[in-house]
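**Q** My structure file structure_1.csv, CSV, C-alpha atoms, is below:
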```csv
chain,number,residue,atom,x,y,z
A,11,PHE,CA,-234.5,89.3,-167.0
A,12,ARG,CA,-231.8,90.4,-164.6
A,13,VAL,CA,-228.1,90.8,-165.3
A,14,TYR,CA,-225.3,90.8,-162.7
A,15,GLY,CA,-221.5,91.2,-163.0
A,16,TYR,CA,-219.2,91.9,-165.8
A,17,GLY,CA,-215.9,91.0,-167.2
A,18,TYR,CA,-213.8,89.3,-169.9
A,19,GLU,CA,-210.9,91.0,-171.6
A,20,GLY,CA,-212.2,94.4,-170.6
A,21,ASP,CA,-215.4,94.2,-172.8
A,22,SER,CA,-217.9,94.4,-170.0
A,23,ALA,CA,-221.5,95.6,-170.2
A,24,ASN,CA,-220.6,99.0,-168.7
A,25,GLY,CA,-217.2,99.3,-170.4
A,26,GLU,CA,-215.2,98.6,-167.2
A,27,SER,CA,-212.4,96.1,-167.1
A,28,CYS,CA,-213.1,93.1,-164.8
A,29,GLU,CA,-210.9,90.5,-166.4
A,30,GLY,CA,-211.7,87.0,-165.2
A,31,GLY,CA,-214.8,88.3,-163.5
A,32,SER,CA,-218.1,86.4,-162.9
A,33,ASN,CA,-221.2,87.1,-165.0
A,34,GLN,CA,-224.7,86.1,-164.1
A,35,VAL,CA,-228.2,86.4,-165.7
A,36,GLY,CA,-231.6,85.7,-164.2
A,37,LEU,CA,-234.3,84.2,-166.4
A,38,LEU,CA,-237.9,83.1,-166.2
A,39,GLY,CA,-238.7,85.8,-163.7
A,40,GLY,CA,-235.9,84.7,-161.4
A,41,ASP,CA,-236.7,81.0,-161.5
A,42,ILE,CA,-233.4,80.2,-163.3
A,43,ASP,CA,-229.9,81.8,-162.8
A,44,VAL,CA,-227.0,81.2,-165.1
A,45,LYS,CA,-223.6,82.2,-163.7
A,46,TRP,CA,-220.3,81.8,-165.6
A,47,THR,CA,-216.6,82.7,-165.6
A,48,ILE,CA,-214.3,82.4,-168.5
A,49,GLU,CA,-210.7,81.8,-167.6
A,50,LYS,CA,-207.9,82.6,-170.1
A,51,PRO,CA,-204.8,80.4,-170.2
A,52,ASP,CA,-202.7,82.9,-168.2
A,53,GLU,CA,-205.3,82.8,-165.4
A,54,LEU,CA,-205.1,79.0,-165.0
A,55,GLU,CA,-202.9,77.2,-162.6
A,56,ASP,CA,-199.5,76.2,-164.0
A,57,ASP,CA,-200.4,72.7,-164.8
A,58,GLY,CA,-199.7,72.6,-168.5
A,59,ALA,CA,-203.2,73.6,-169.5
A,60,LYS,CA,-203.2,76.0,-172.4
A,61,SER,CA,-206.8,76.3,-173.3
A,62,SER,CA,-209.4,78.7,-171.9
A,63,THR,CA,-212.2,77.2,-169.8
A,64,ILE,CA,-215.7,78.2,-168.9
A,65,GLU,CA,-217.1,77.4,-165.5
A,66,LEU,CA,-220.9,77.7,-165.5
A,67,THR,CA,-223.3,77.3,-162.7
A,68,LEU,CA,-227.0,76.6,-163.6
A,69,THR,CA,-229.4,77.1,-160.7
A,70,ALA,CA,-233.2,76.5,-160.6
A,71,HIS,CA,-234.9,78.2,-157.7
A,72,ALA,CA,-237.0,75.1,-156.9
A,73,GLU,CA,-236.5,72.0,-154.8
A,74,MET,CA,-235.8,68.8,-156.6
A,75,GLU,CA,-238.7,66.6,-155.6
A,76,GLY,CA,-237.4,63.7,-157.6
A,77,ALA,CA,-234.5,62.6,-159.8
A,78,GLY,CA,-235.0,65.5,-162.3
A,79,TYR,CA,-232.6,67.4,-164.5
A,80,LEU,CA,-231.1,70.8,-165.3
A,81,GLY,CA,-230.2,71.7,-168.9
A,82,ILE,CA,-228.7,74.5,-171.0
A,83,GLY,CA,-228.5,74.4,-174.7
A,84,TRP,CA,-226.3,76.4,-177.1
A,85,ARG,CA,-226.4,77.5,-180.8
A,86,SER,CA,-230.2,77.4,-181.1
A,87,ARG,CA,-233.2,78.9,-179.3
A,88,LYS,CA,-235.1,75.6,-179.8
A,89,MET,CA,-234.2,72.2,-178.5
A,90,ALA,CA,-233.9,70.8,-182.1
A,91,GLY,CA,-230.4,71.6,-183.3
A,92,ALA,CA,-229.1,72.8,-179.9
A,93,ASP,CA,-225.9,71.5,-178.3
A,94,ILE,CA,-227.3,70.7,-174.8
A,95,TRP,CA,-225.4,70.4,-171.5
A,96,PHE,CA,-227.8,67.8,-170.0
A,97,CYS,CA,-227.3,67.3,-166.2
A,98,THR,CA,-229.4,64.5,-164.7
A,99,ILE,CA,-229.6,63.4,-161.0
A,100,ASP,CA,-228.6,59.9,-160.1
A,101,PRO,CA,-231.8,58.2,-158.8
A,102,GLY,CA,-229.8,55.9,-156.5
A,103,VAL,CA,-228.0,58.9,-154.9
A,104,TYR,CA,-230.9,61.3,-154.7
A,105,GLY,CA,-232.7,59.6,-151.8
A,106,GLN,CA,-229.5,59.2,-149.7
A,107,VAL,CA,-228.6,62.9,-149.4
A,108,PRO,CA,-230.7,65.1,-147.1
A,109,ARG,CA,-231.7,68.6,-148.3
A,110,SER,CA,-229.8,71.5,-146.9
A,111,ALA,CA,-231.5,74.7,-145.8
A,112,ASN,CA,-229.6,76.7,-148.5
A,113,CYS,CA,-226.7,76.5,-151.0
A,114,ASP,CA,-224.1,78.5,-149.0
A,115,GLU,CA,-222.0,75.3,-148.9
A,116,ARG,CA,-221.7,73.3,-152.1
A,117,GLN,CA,-220.9,69.6,-152.4
A,118,THR,CA,-218.5,67.6,-154.5
A,119,SER,CA,-219.5,64.1,-153.3
A,120,PRO,CA,-221.3,61.9,-153.7
A,121,SER,CA,-221.7,62.2,-157.5
A,122,MET,CA,-225.3,63.5,-157.5
A,123,PHE,CA,-225.2,65.0,-161.0
A,124,SER,CA,-224.0,63.5,-164.3
A,125,CYS,CA,-223.6,66.0,-167.2
A,126,CYS,CA,-223.0,65.3,-170.8
A,127,LEU,CA,-223.1,67.0,-174.2
A,128,ALA,CA,-226.3,65.9,-176.0
A,129,SER,CA,-227.8,66.5,-179.3
A,130,GLY,CA,-231.0,68.5,-179.0
A,131,ALA,CA,-234.3,67.1,-180.3
A,132,ASN,CA,-237.9,67.2,-179.2
A,133,VAL,CA,-237.4,64.2,-177.0
A,134,LYS,CA,-235.1,63.4,-174.1
A,135,PRO,CA,-231.6,64.4,-175.1
A,136,GLN,CA,-229.2,61.6,-175.8
A,137,CYS,CA,-225.5,62.0,-174.7
A,138,LEU,CA,-223.0,62.1,-177.5
A,139,SER,CA,-220.4,59.3,-177.6
A,140,PRO,CA,-216.6,60.3,-177.4
A,141,ASN,CA,-216.1,59.2,-181.0
A,142,GLU,CA,-218.7,61.6,-182.4
A,143,PRO,CA,-217.2,64.8,-184.1
A,144,ARG,CA,-219.0,67.3,-181.9
A,145,PHE,CA,-218.2,65.6,-178.6
A,146,TYR,CA,-216.3,67.4,-175.8
A,147,GLU,CA,-216.2,66.6,-172.1
A,148,LEU,CA,-218.2,68.3,-169.3
A,149,GLU,CA,-216.8,68.1,-165.8
A,150,VAL,CA,-219.1,68.4,-162.8
A,151,VAL,CA,-217.3,70.8,-160.4
A,152,ASP,CA,-219.8,70.9,-157.6
A,153,TRP,CA,-223.6,70.8,-156.9
A,154,CYS,CA,-226.2,71.7,-154.3
A,155,LEU,CA,-229.7,70.5,-153.6
A,156,SER,CA,-231.5,72.6,-150.9
A,157,GLU,CA,-235.1,73.2,-149.9
A,158,GLU,CA,-235.2,76.2,-152.2
A,159,GLU,CA,-232.5,75.6,-154.9
A,160,SER,CA,-231.2,73.0,-157.3
A,161,SER,CA,-227.8,73.8,-158.7
A,162,VAL,CA,-224.8,72.3,-160.6
A,163,THR,CA,-221.5,73.8,-161.7
A,164,ILE,CA,-219.9,72.6,-165.0
A,165,ASN,CA,-216.5,73.1,-166.5
A,166,ALA,CA,-215.6,72.8,-170.2
A,167,LEU,CA,-212.8,73.7,-172.6
A,168,VAL,CA,-213.4,76.8,-174.7
A,169,CYS,CA,-212.3,77.0,-178.3
A,170,SER,CA,-209.9,79.8,-179.0
A,171,ASP,CA,-207.2,80.8,-181.5
A,172,ASP,CA,-204.4,79.5,-179.3
A,173,THR,CA,-206.2,76.4,-178.1
A,174,THR,CA,-204.3,73.1,-178.1
A,175,VAL,CA,-207.4,71.1,-179.0
A,176,THR,CA,-209.3,70.9,-182.2
A,177,ASP,CA,-212.5,72.7,-182.8
A,178,ASN,CA,-214.4,69.4,-182.5
A,179,ASN,CA,-213.8,68.9,-178.8
A,180,CYS,CA,-214.2,72.3,-177.2
A,181,PHE,CA,-217.0,74.8,-176.6
A,182,ASP,CA,-217.3,77.7,-179.1
A,183,ILE,CA,-218.6,80.6,-177.1
A,184,SER,CA,-220.1,82.3,-180.1
A,185,SER,CA,-222.5,81.0,-182.8
A,186,ASN,CA,-223.5,84.3,-184.5
A,187,PRO,CA,-221.5,86.8,-186.6
A,188,ASP,CA,-221.7,89.5,-183.8
A,189,GLY,CA,-220.0,87.2,-181.3
A,190,THR,CA,-223.2,86.2,-179.4
A,191,ILE,CA,-224.6,82.8,-178.9
A,192,ASP,CA,-228.2,81.4,-178.9
A,193,MET,CA,-229.1,79.8,-175.5
A,194,ILE,CA,-232.0,77.8,-174.2
A,195,VAL,CA,-232.4,76.7,-170.6
A,196,SER,CA,-234.9,74.3,-168.9
A,197,PHE,CA,-235.4,72.1,-165.9
A,198,ASN,CA,-237.7,69.5,-164.4
A,199,PRO,CA,-237.6,69.0,-160.7
A,200,ASN,CA,-239.5,65.8,-160.7
A,201,ASP,CA,-238.5,63.3,-163.4
A,202,GLN,CA,-235.6,63.3,-165.9
A,203,ASN,CA,-237.6,61.2,-168.3
A,204,LYS,CA,-240.5,63.7,-168.7
A,205,PRO,CA,-240.7,67.0,-170.6
A,206,HIS,CA,-240.0,70.3,-168.8
A,207,GLY,CA,-243.2,72.0,-169.9
A,208,PHE,CA,-243.7,75.6,-171.1
A,209,GLN,CA,-243.3,77.2,-167.7
A,210,ARG,CA,-239.8,75.7,-167.1
A,211,ARG,CA,-238.1,76.6,-170.3
A,212,THR,CA,-236.9,79.8,-171.9
A,213,SER,CA,-234.5,81.0,-174.6
A,214,THR,CA,-232.5,84.1,-175.4
A,215,VAL,CA,-229.2,85.3,-176.9
A,216,VAL,CA,-226.2,86.0,-174.8
A,217,ASP,CA,-222.8,87.6,-175.2
A,218,LEU,CA,-220.7,85.4,-172.9
A,219,LYS,CA,-217.6,87.6,-173.1
A,220,ALA,CA,-219.5,90.8,-172.2
A,221,GLY,CA,-221.8,89.1,-169.7
A,222,ILE,CA,-225.1,90.5,-171.2
A,223,LEU,CA,-228.2,89.3,-172.9
A,224,THR,CA,-228.8,90.7,-176.4
A,225,ALA,CA,-232.3,89.5,-177.0
A,226,ALA,CA,-235.5,89.2,-175.0
A,227,GLU,CA,-236.6,85.9,-173.5
A,228,ALA,CA,-239.1,83.7,-175.4
A,229,GLY,CA,-241.2,83.0,-172.4
A,230,VAL,CA,-244.0,85.4,-173.4
A,231,ALA,CA,-244.5,83.6,-176.7
A,232,ASP,CA,-244.6,80.2,-174.9
A,233,THR,CA,-247.3,81.5,-172.6
A,234,GLY,CA,-249.3,82.7,-175.6
A,235,LEU,CA,-249.0,79.2,-177.1
A,236,VAL,CA,-250.4,77.6,-174.0
A,237,ALA,CA,-253.3,80.0,-174.0
A,238,TYR,CA,-254.0,79.4,-177.7
A,239,HIS,CA,-253.9,75.6,-177.1
A,240,GLY,CA,-256.4,76.0,-174.3
A,241,ILE,CA,-258.8,78.1,-176.3
A,242,SER,CA,-258.6,75.8,-179.2
A,243,MET,CA,-259.5,72.8,-177.1
A,244,LEU,CA,-262.3,74.6,-175.4
A,245,ALA,CA,-263.8,75.6,-178.7
A,246,PHE,CA,-263.6,72.1,-180.0
A,247,TRP,CA,-265.3,70.5,-177.1
A,248,MET,CA,-268.0,73.2,-176.8
A,249,ILE,CA,-268.7,73.6,-180.5
A,250,GLY,CA,-267.1,70.9,-182.6
A,251,ALA,CA,-268.1,67.9,-180.5
A,252,PRO,CA,-271.8,68.8,-180.1
A,253,LEU,CA,-272.0,69.7,-183.8
A,254,GLY,CA,-270.6,66.4,-184.8
A,255,ILE,CA,-273.2,64.6,-182.6
A,256,TYR,CA,-276.0,66.6,-184.2
A,257,ILE,CA,-274.8,65.8,-187.7
A,258,VAL,CA,-274.6,62.1,-187.0
A,259,ARG,CA,-278.0,62.0,-185.3
A,260,TYR,CA,-280.1,64.2,-187.5
A,261,MET,CA,-278.5,64.6,-190.8
A,262,LYS,CA,-277.8,61.1,-191.8
A,263,THR,CA,-278.9,60.2,-195.4
```
Rewrite the coordinates I just gave you, this time as structure tokens.
**A**
Amino acid sequence: FRVYGYGYEGDSANGESCEGGSNQVGLLGGDIDVKWTIEKPDELEDDGAKSSTIELTLTAHAEMEGAGYLGIGWRSRKMAGADIWFCTIDPGVYGQVPRSANCDERQTSPSMFSCCLASGANVKPQCLSPNEPRFYELEVVDWCLSEEESSVTINALVCSDDTTVTDNNCFDISSNPDGTIDMIVSFNPNDQNKPHGFQRRTSTVVDLKAGILTAAEAGVADTGLVAYHGISMLAFWMIGAPLGIYIVRYMKT
């Protein structure tokens, strides 16, 4: 993985103070970038807001060839049990916007992406309704679809000691005793109703305050699982199937 940038309350990866700075990690060999900034209350505009916020940009280095999705999950390294920020592309808008050459200029309209907090499961994530205890809102800040990248920026309230909202409608930036949080990311550039597959998903553990990953990615294990599945299928069709035919043909009583 790659790690860029530091900063939050002076607890950066190299010990330097870069308060309010931007942090970025590259995953899946550079196929996915996650960039975020945590803004404390005194860094916000004087609009009455007293809660910290996190602004996170999720970028897949692949062109969206259909109405696909980008997703990032928290509190678990598996889909099951994760709190997923699920961002899908509006099929009706997708075909109306031409692809740009790059993402130097991001867009705010039309509303290409729709993001929601969803409960993780081994099926398509389902958005939580506002009356559910774990619900909190996700705001789409901007987005970009280019010939080489697909990206969306999301904003959410962060739970903190001095927050004015309850712990049920804000994002807790840590899920482990050491202040880190489990994270899983995935994308599908073709169809939001289909699985992402092993090659477009990975998981790790991140310290959002310090801007560092604290665990290796799970991609290697997934690659091994695919290889094991292929070997098992090959063995079955080359050995199991012929053996079954032989038994039925010559060993009937």
**Q** List every residue of region 79-189 of chain A that has an atom at most 8 Å from any atom of region 212-222 of chain A, giving for each one its closest atom pair and the distance in Å to one decimal, counting all atoms listed in the file, sorted by chain and then by ascending residue number, as CSV.
**A**
```
residue,atom,partner,partner_atom,distance
A:Arg87,CA,A:Ser213,CA,5.3
A:Lys88,CA,A:Ser213,CA,7.5
A:Ile183,CA,A:Leu218,CA,6.7
A:Ser184,CA,A:Asp217,CA,7.7
A:Gly189,CA,A:Asp217,CA,6.7
```
**Q** Between CA of Gly36 (chain A) and CA of Glu227 (chain A), what is the distance in Å, rounded to a tenth?
**A**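 That distance, rounded to one decimal, is 10.6 Å.
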**Q** Please indicate the distance in Å from CA of Ala70 (chain A) to CA of Asp43 (chain A), rounded to one decimal place.
**A** 6.6 Å
**Q** Between A:Glu149, A:Asp41, A:Asp93, A:Glu49, which residue has the minimum interatomic distance to Thr63 (chain A), considering all atoms listed in the file?
**A** A:Glu49
**Q** Could you please give me, as a list in words, the residues of protein, DNA or RNA lying at most 6 Å from (-227.5, 73.4, -172.5) in the coordinate frame of the file, considering only C-alpha atoms?
**A**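 Selection result: Gly81, Ile82, Gly83, Trp84, Ile94 and Trp95 of chain A.
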**Q** Tell me, as a ChimeraX atom specification, which residues lie within 7 Å of Asp100 (chain A), counting all atoms listed in the file; anything in the same chain fewer than 6 positions away does not count.
**A** /A:77,122-123
**Q** With 10 Å as the threshold, what does the neighbourhood of (-228.7, 73.1, -160.1) contain in terms of residues, counting all atoms listed in the file? Coordinates are those of the file; answer as a PyMOL selection string.
**A** chain A and resi 42-44+67-74+79-81+97-99+113+123+152-156+159-163+197+199
**Q** Mind pulling up the distance from CA of Leu223 (chain A) to CA of Arg144 (chain A)?
**A**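 Separation of CA of Arg144 (chain A) and CA of Leu223 (chain A): 25.5 Å.
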**Q** Nearest residue to Tyr104 (chain A) out of A:Gly76, A:Gly130, A:Gly254, A:Gly39, using all atoms listed in the file?
**A**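 Closest candidate: A:Gly76.
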**Q** Is it possible to dump region 142-153 of chain A as a PDB file, in the first residue's frame, including just all heavy atoms?
**A**
```
ATOM      1  N   GLU A 142     -33.765   4.306  11.937  1.00  0.00           N
ATOM      2  CA  GLU A 142     -32.970   3.235  12.517  1.00  0.00           C
ATOM      3  C   GLU A 142     -31.875   3.820  13.401  1.00  0.00           C
ATOM      4  O   GLU A 142     -31.294   4.868  13.086  1.00  0.00           O
ATOM      5  CB  GLU A 142     -32.375   2.362  11.413  1.00  0.00           C
ATOM      6  CG  GLU A 142     -33.433   1.611  10.613  1.00  0.00           C
ATOM      7  CD  GLU A 142     -32.830   0.608   9.651  1.00  0.00           C
ATOM      8  OE1 GLU A 142     -32.168  -0.335  10.120  1.00  0.00           O
ATOM      9  OE2 GLU A 142     -33.020   0.764   8.439  1.00  0.00           O
ATOM     10  N   PRO A 143     -31.552   3.164  14.520  1.00  0.00           N
ATOM     11  CA  PRO A 143     -30.633   3.739  15.520  1.00  0.00           C
ATOM     12  C   PRO A 143     -29.251   4.089  14.976  1.00  0.00           C
ATOM     13  O   PRO A 143     -28.645   5.068  15.416  1.00  0.00           O
ATOM     14  CB  PRO A 143     -30.543   2.633  16.584  1.00  0.00           C
ATOM     15  CG  PRO A 143     -31.808   1.853  16.432  1.00  0.00           C
ATOM     16  CD  PRO A 143     -32.122   1.885  14.974  1.00  0.00           C
ATOM     17  N   ARG A 144     -28.715   3.309  14.054  1.00  0.00           N
ATOM     18  CA  ARG A 144     -27.351   3.530  13.561  1.00  0.00           C
ATOM     19  C   ARG A 144     -27.283   4.546  12.437  1.00  0.00           C
ATOM     20  O   ARG A 144     -26.200   4.858  11.947  1.00  0.00           O
ATOM     21  CB  ARG A 144     -26.762   2.204  13.079  1.00  0.00           C
ATOM     22  CG  ARG A 144     -26.491   1.207  14.178  1.00  0.00           C
ATOM     23  CD  ARG A 144     -26.347  -0.200  13.630  1.00  0.00           C
ATOM     24  NE  ARG A 144     -25.441  -0.264  12.506  1.00  0.00           N
ATOM     25  CZ  ARG A 144     -25.483  -1.200  11.566  1.00  0.00           C
ATOM     26  NH1 ARG A 144     -26.422  -2.126  11.616  1.00  0.00           N
ATOM     27  NH2 ARG A 144     -24.614  -1.206  10.589  1.00  0.00           N
ATOM     28  N   PHE A 145     -28.400   5.100  12.024  1.00  0.00           N
ATOM     29  CA  PHE A 145     -28.431   5.969  10.843  1.00  0.00           C
ATOM     30  C   PHE A 145     -27.724   7.300  11.077  1.00  0.00           C
ATOM     31  O   PHE A 145     -27.811   7.895  12.153  1.00  0.00           O
ATOM     32  CB  PHE A 145     -29.888   6.250  10.454  1.00  0.00           C
ATOM     33  CG  PHE A 145     -30.034   7.274   9.357  1.00  0.00           C
ATOM     34  CD1 PHE A 145     -29.935   6.909   8.028  1.00  0.00           C
ATOM     35  CD2 PHE A 145     -30.260   8.613   9.669  1.00  0.00           C
ATOM     36  CE1 PHE A 145     -30.067   7.846   7.017  1.00  0.00           C
ATOM     37  CE2 PHE A 145     -30.386   9.555   8.661  1.00  0.00           C
ATOM     38  CZ  PHE A 145     -30.286   9.175   7.335  1.00  0.00           C
ATOM     39  N   TYR A 146     -26.981   7.759  10.069  1.00  0.00           N
ATOM     40  CA  TYR A 146     -26.523   9.145   9.986  1.00  0.00           C
ATOM     41  C   TYR A 146     -26.406   9.496   8.505  1.00  0.00           C
ATOM     42  O   TYR A 146     -26.281   8.620   7.647  1.00  0.00           O
ATOM     43  CB  TYR A 146     -25.195   9.379  10.725  1.00  0.00           C
ATOM     44  CG  TYR A 146     -24.053   8.472  10.330  1.00  0.00           C
ATOM     45  CD1 TYR A 146     -23.221   8.772   9.250  1.00  0.00           C
ATOM     46  CD2 TYR A 146     -23.776   7.313  11.066  1.00  0.00           C
ATOM     47  CE1 TYR A 146     -22.157   7.951   8.905  1.00  0.00           C
ATOM     48  CE2 TYR A 146     -22.716   6.494  10.731  1.00  0.00           C
ATOM     49  CZ  TYR A 146     -21.913   6.810   9.648  1.00  0.00           C
ATOM     50  OH  TYR A 146     -20.859   5.994   9.318  1.00  0.00           O
ATOM     51  N   GLU A 147     -26.480  10.776   8.225  1.00  0.00           N
ATOM     52  CA  GLU A 147     -26.532  11.221   6.841  1.00  0.00           C
ATOM     53  C   GLU A 147     -25.138  11.300   6.218  1.00  0.00           C
ATOM     54  O   GLU A 147     -24.155  11.603   6.883  1.00  0.00           O
ATOM     55  CB  GLU A 147     -27.204  12.593   6.742  1.00  0.00           C
ATOM     56  CG  GLU A 147     -28.691  12.574   7.057  1.00  0.00           C
ATOM     57  CD  GLU A 147     -29.347  13.923   6.796  1.00  0.00           C
ATOM     58  OE1 GLU A 147     -28.612  14.851   6.370  1.00  0.00           O
ATOM     59  OE2 GLU A 147     -30.557  14.040   7.010  1.00  0.00           O
ATOM     60  N   LEU A 148     -25.083  11.022   4.932  1.00  0.00           N
ATOM     61  CA  LEU A 148     -23.891  11.199   4.118  1.00  0.00           C
ATOM     62  C   LEU A 148     -24.201  12.221   3.034  1.00  0.00           C
ATOM     63  O   LEU A 148     -25.172  12.071   2.294  1.00  0.00           O
ATOM     64  CB  LEU A 148     -23.461   9.874   3.479  1.00  0.00           C
ATOM     65  CG  LEU A 148     -23.098   8.724   4.425  1.00  0.00           C
ATOM     66  CD1 LEU A 148     -22.763   7.470   3.622  1.00  0.00           C
ATOM     67  CD2 LEU A 148     -21.928   9.119   5.320  1.00  0.00           C
ATOM     68  N   GLU A 149     -23.375  13.245   2.959  1.00  0.00           N
ATOM     69  CA  GLU A 149     -23.569  14.294   1.961  1.00  0.00           C
ATOM     70  C   GLU A 149     -22.565  14.105   0.825  1.00  0.00           C
ATOM     71  O   GLU A 149     -21.367  13.971   1.060  1.00  0.00           O
ATOM     72  CB  GLU A 149     -23.362  15.673   2.588  1.00  0.00           C
ATOM     73  CG  GLU A 149     -23.425  16.812   1.583  1.00  0.00           C
ATOM     74  CD  GLU A 149     -22.939  18.128   2.161  1.00  0.00           C
ATOM     75  OE1 GLU A 149     -22.533  18.139   3.338  1.00  0.00           O
ATOM     76  OE2 GLU A 149     -22.946  19.136   1.425  1.00  0.00           O
ATOM     77  N   VAL A 150     -23.063  14.085  -0.412  1.00  0.00           N
ATOM     78  CA  VAL A 150     -22.181  14.027  -1.570  1.00  0.00           C
ATOM     79  C   VAL A 150     -21.686  15.444  -1.854  1.00  0.00           C
ATOM     80  O   VAL A 150     -22.478  16.330  -2.187  1.00  0.00           O
ATOM     81  CB  VAL A 150     -22.897  13.449  -2.805  1.00  0.00           C
ATOM     82  CG1 VAL A 150     -21.983  13.502  -4.022  1.00  0.00           C
ATOM     83  CG2 VAL A 150     -23.326  12.016  -2.535  1.00  0.00           C
ATOM     84  N   VAL A 151     -20.387  15.670  -1.716  1.00  0.00           N
ATOM     85  CA  VAL A 151     -19.802  16.994  -1.912  1.00  0.00           C
ATOM     86  C   VAL A 151     -19.537  17.248  -3.394  1.00  0.00           C
ATOM     87  O   VAL A 151     -19.938  18.277  -3.940  1.00  0.00           O
ATOM     88  CB  VAL A 151     -18.484  17.132  -1.116  1.00  0.00           C
ATOM     89  CG1 VAL A 151     -17.848  18.500  -1.356  1.00  0.00           C
ATOM     90  CG2 VAL A 151     -18.745  16.916   0.371  1.00  0.00           C
ATOM     91  N   ASP A 152     -18.852  16.326  -4.059  1.00  0.00           N
ATOM     92  CA  ASP A 152     -18.593  16.439  -5.488  1.00  0.00           C
ATOM     93  C   ASP A 152     -18.220  15.066  -6.027  1.00  0.00           C
ATOM     94  O   ASP A 152     -18.123  14.091  -5.281  1.00  0.00           O
ATOM     95  CB  ASP A 152     -17.505  17.487  -5.795  1.00  0.00           C
ATOM     96  CG  ASP A 152     -16.209  17.213  -5.062  1.00  0.00           C
ATOM     97  OD1 ASP A 152     -15.836  16.031  -4.916  1.00  0.00           O
ATOM     98  OD2 ASP A 152     -15.545  18.171  -4.617  1.00  0.00           O
ATOM     99  N   TRP A 153     -18.010  14.996  -7.327  1.00  0.00           N
ATOM    100  CA  TRP A 153     -17.700  13.719  -7.964  1.00  0.00           C
ATOM    101  C   TRP A 153     -16.967  13.950  -9.275  1.00  0.00           C
ATOM    102  O   TRP A 153     -16.886  15.077  -9.773  1.00  0.00           O
ATOM    103  CB  TRP A 153     -18.975  12.913  -8.217  1.00  0.00           C
ATOM    104  CG  TRP A 153     -20.016  13.663  -9.020  1.00  0.00           C
ATOM    105  CD1 TRP A 153     -21.006  14.464  -8.534  1.00  0.00           C
ATOM    106  CD2 TRP A 153     -20.140  13.692 -10.450  1.00  0.00           C
ATOM    107  NE1 TRP A 153     -21.746  14.996  -9.564  1.00  0.00           N
ATOM    108  CE2 TRP A 153     -21.237  14.535 -10.757  1.00  0.00           C
ATOM    109  CE3 TRP A 153     -19.446  13.100 -11.489  1.00  0.00           C
ATOM    110  CZ2 TRP A 153     -21.637  14.790 -12.060  1.00  0.00           C
ATOM    111  CZ3 TRP A 153     -19.844  13.350 -12.804  1.00  0.00           C
ATOM    112  CH2 TRP A 153     -20.928  14.178 -13.070  1.00  0.00           C
TER     113      TRP A 153
END
```
